[in-house]
Amino acid sequence: MTKSFMKNETLNELRKILVNDIKEEGKLNRQDFEQFISLLDELLEIVNGEVEKGKTFDDIRRTVVEFFTKKKEEVAT
Amino acid sequence: MKLKKINIEGFRAFNKSYEFTFHERLSVILGPNGTGKTSLCDAIEWALLGKLPQYESAEATEEDTIINRNNPKREARVTISLGNGKSETKLERLVKSKKVWKPTRLAKLEILEGEKVEIIPETFRATVYLRQEALREFIQSKPDKRGPVLSSLLGIEFIVALENGIKEAKELIESEIGGLKESINGRREELEKYKEECATLNSLKSSLKEKLNLSGEELENQLKVSSIISKAKDMFNRLEKIGNVINQKMPLVFKEDLPTVRIFLEKLIVMQAEWKSKISSELGQYETIKGKIEDLKQKIEKFDENVINQDIKKVREKIESLKKELEVKDSYSKVLISGKEYFQLAKPSECPLCESRIDPSTTLDRIMIKVKELEERKEIETLYEEIRKLEKEESDLKLNLDNLRSWKVEKEKLEKIFDQEKYEKIKNAMSDYEALEKEALTLNELYNIFKKEQELVQRLPQLPSEDDIKNDEMKLGKLTDFYELVSTLSEHFSRISPLFVQQRIESLNPTISEYATILAPHPTFSTISITYNERGYWLQGVSGKGEKTYVQTLFSTGQLNEAAVLILLAMAKKAPHNLDFVIMDDPSQSLDSDGKRRLAKLLAKASQDKQIIISTMDVEFANYIKSSCPEAVFIEFSAYENERGPVVKNVN
């Protein structure tokens, strides 16, 4: 399924560069890499939603923090 | 797609229904302050995005900011038509008062014709709409705050927000991991400490059991509250008795409870030195007297006064006898010596009695023989010596007699002051006290064990659960793995985001440069560009010789105004969406006459690439646009009427 954030040229481009950078470094194993991509896509999707809503710089930063906090709680339980 | 037409009704300054058509290259909305120019620009943004975040505040609702307060229908409606010659899109944004229509976060959008226009607010603001506030903010910010504003103009502000958010989240997780580790270690240590305390207690109990030669059950019985209190009470009573003997009062009143036992044991430590020293001192005094009496008794027992007196008498008699003997011998000796002296001087003569011849030498010889015999026997010296000895003996006997008498006196005196009964009591008090000291030690040990056991039992329910710790250790493992993932993301993000931004900037700089040659914002610099380093975003001036200088602190407000317009135009040209127009609200706000002329020239040129819609109150600037681009459409507002909205003076 196409992710909404991919319509945001900046986020899409950013993702490509980021994924390439990780691949080039080659430190993550296959499973961790997949987990990483899934986490990144989920994050970018949420950020895109915030950008589309016209949220401020601080709102986006806070949303990112909340996203990781929520994820962390999911992981820890 | 260019903006072709707009219909507005009930939106902000527009109460009645208005329709405006835009020129495919350049349109100018001209009018004095407060006539509705910005509302017209905002109407385009609202139609496309459904929100006007710049007006959001705690005090104003969406209804307050969007719907014209005089609108009888209590609704705002904006319809825009877009087209690129091949296809047309017509969309309508509508919001109604909350009283009649349930509001949603975004006003209702209806695509009347064609396809949906997809653009995000960030991109819209960076590449389509240069709001007068944004321009003013860039111009008026302090130089060090201009970087973030520049990043906002470049539409990449949210990347920084994203990067900062990831960093902050990473730090939060790191901090939570640290906290969890600390908590786990703390709880582990608490458990270990508890176990150690239990082991120490058991060891104390074993040692006491052995010391008191008790069975486990007996020790447990002694560790009961009632037993401890009873022992303490018994000790208290015994100590009270000892206190009576040495005139000491007990330092507390004994109540049969544990707090009293605790205080009693504490007081015992203080009492120990004082009481024992007092008992010892008193006992010592009695022991000394008793010792002296015993000593005198022994001495007295060695002598008998009668015997000594008899001995003295005997010795005296012997002395007297010897003295008589000595007197006789001494007389005889004296006679011999007189005879000797006489006959030594006498001459031979006749005896007057018998007329016989007397030879004195013969008599002298005989006397000499007798003297010699006397000397040889040393009888007199012996007698003297013997008398001296006896006199010495007599003297010693008399001394003994004197001593014996004085001892008897002293003994009687000591016996008078020695209170045997009191002595016995103090002696018993001392032995009682010594026994009590040992018992106090045991009681103290029992009490401490009892208290420790009680404390451990009380602490038991509050002890961290081993299961909880294990769960938290598992959680820590998962969190650490997650942290590694976030850390990797943060690390890579921090590395690539500057490169990404640099790429973005580099793709813009040629266009900025191209437009800057027309606008020529600064006489020293032939062109300007944007650059980025770890300290942020910077405007860079490039001289004719290619020398680059950070100009954010050098440019005047007018030059900064021009730079911001250049950035928007470059951004618009590179925009990834299909909106082929830009809106500039009051773009000449800080420009002088020459600046306005050059800006008008630039806009005329840029309008060949992008449709441009200008909102301005500046007639001089509008005239320059007219000169630079004669075909431009002018929508002119002359005034504002509350019941209607802007008074349209002229549209051509």
# chains A, B, ... in the order shown; residues from 1 in each chain; ligands from 1
>>> closest_atom_pairs(of="chain A", to="chain B", cutoff="8 Å", atoms="only C-alpha atoms", output="CSV")
residue,atom,partner,partner_atom,distance
A:Asn8,CA,B:Ile120,CA,7.4
A:Glu9,CA,B:Pro576,CA,6.7
A:Thr10,CA,B:Ile156,CA,7.8
A:Leu14,CA,B:Phe500,CA,6.9
A:Ile17,CA,B:Ile496,CA,7.1
A:Leu18,CA,B:Ile496,CA,6.6
A:Asp21,CA,B:His492,CA,7.0
A:Ile22,CA,B:His492,CA,7.1
A:Asp32,CA,B:Leu485,CA,7.9
A:Phe36,CA,B:Leu485,CA,6.6
A:Val47,CA,B:Leu162,CA,7.7
A:Val51,CA,B:Glu122,CA,6.3
A:Glu52,CA,B:Ile120,CA,4.8
A:Lys53,CA,B:Pro121,CA,7.1
A:Gly54,CA,B:Pro121,CA,5.2
A:Lys55,CA,B:Pro53,CA,7.7
A:Phe57,CA,B:Ala161,CA,5.5
A:Asp58,CA,B:Ala161,CA,6.9
A:Ile60,CA,B:Ala161,CA,6.0
A:Arg61,CA,B:Gly165,CA,4.3
A:Arg62,CA,B:Gly165,CA,6.5
A:Thr63,CA,B:Gly165,CA,7.7
A:Val64,CA,B:Gly165,CA,5.1
A:Val65,CA,B:Ala169,CA,4.9
A:Glu66,CA,B:Ala169,CA,7.9
A:Phe68,CA,B:Ala169,CA,6.1
A:Thr69,CA,B:Ala169,CA,7.0
A:Lys72,CA,B:Leu479,CA,6.8
A:Val75,CA,B:Lys478,CA,6.4
A:Ala76,CA,B:Lys475,CA,5.0
A:Thr77,CA,B:Lys475,CA,7.1
>>> select_by_dssp(residues="region 161-376 of chain B", states="helix (DSSP H, G or I)", output="number ranges by chain")
B: 161-212, 216-222, 225-245, 258-302, 305-345, 360-376
>>> residues_around(residues="Leu180 (chain B)", least_positions_apart="2", cutoff="10 Å", atoms="only C-alpha atoms", output="PyMOL selection string")
chain B and resi 174-178+182-186+469+472-473+475-476+479
>>> select_by_dssp(residues="region 310-534 of chain B", states="strand (DSSP E)", output="ChimeraX atom specification")
/B:349-350,357-358,525-533
>>> write_last_selection(atoms="C-alpha atoms", output="mmCIF file, in the first residue's frame")
data_model
loop_
_atom_site.group_PDB
_atom_site.id
_atom_site.type_symbol
_atom_site.label_atom_id
_atom_site.label_comp_id
_atom_site.auth_asym_id
_atom_site.auth_seq_id
_atom_site.Cartn_x
_atom_site.Cartn_y
_atom_site.Cartn_z
ATOM 1 C CA SER B 349 112.254 -5.710 150.806
ATOM 2 C CA GLU B 350 111.587 -7.601 153.911
ATOM 3 C CA ARG B 357 112.784 -11.346 151.933
ATOM 4 C CA ILE B 358 110.225 -10.197 149.516
ATOM 5 C CA PHE B 525 27.332 41.409 -4.497
ATOM 6 C CA SER B 526 26.467 40.443 -8.022
ATOM 7 C CA THR B 527 24.241 37.671 -6.726
ATOM 8 C CA ILE B 528 23.151 35.896 -3.593
ATOM 9 C CA SER B 529 22.728 32.278 -2.593
ATOM 10 C CA ILE B 530 21.764 30.241 0.433
ATOM 11 C CA THR B 531 24.203 28.109 2.316
ATOM 12 C CA TYR B 532 23.937 25.761 5.265
ATOM 13 C CA ASN B 533 26.346 24.680 7.962
#
>>> residues_around(residues="Ala564 (chain B)", least_positions_apart="2", cutoff="9 Å", atoms="only C-alpha atoms", output="PyMOL selection string")
chain B and resi 130+135+138-139+150+153+559-562+566-569+587
>>> residues_around(residues="region 63-66 of chain B", least_positions_apart="2", cutoff="9 Å", atoms="only C-alpha atoms", output="ChimeraX atom specification")
/B:10-12,46,51-52,55-56,60-61,68-69,74-76,95-98
>>> residues_around(residues="Arg15 (chain A)", least_positions_apart="3", cutoff="9 Å", atoms="only C-alpha atoms", output="list in words")
Met6, Thr10, Leu11, Asn12, Leu18, Val19, Asn20, Leu40, Asp41 and Leu44 of chain A
>>> residues_around(residues="Ile426 (chain B)", least_positions_apart="2", cutoff="12 Å", atoms="only C-alpha atoms", output="ChimeraX atom specification")
/B:241-247,275-276,278-287,419-424,428-433
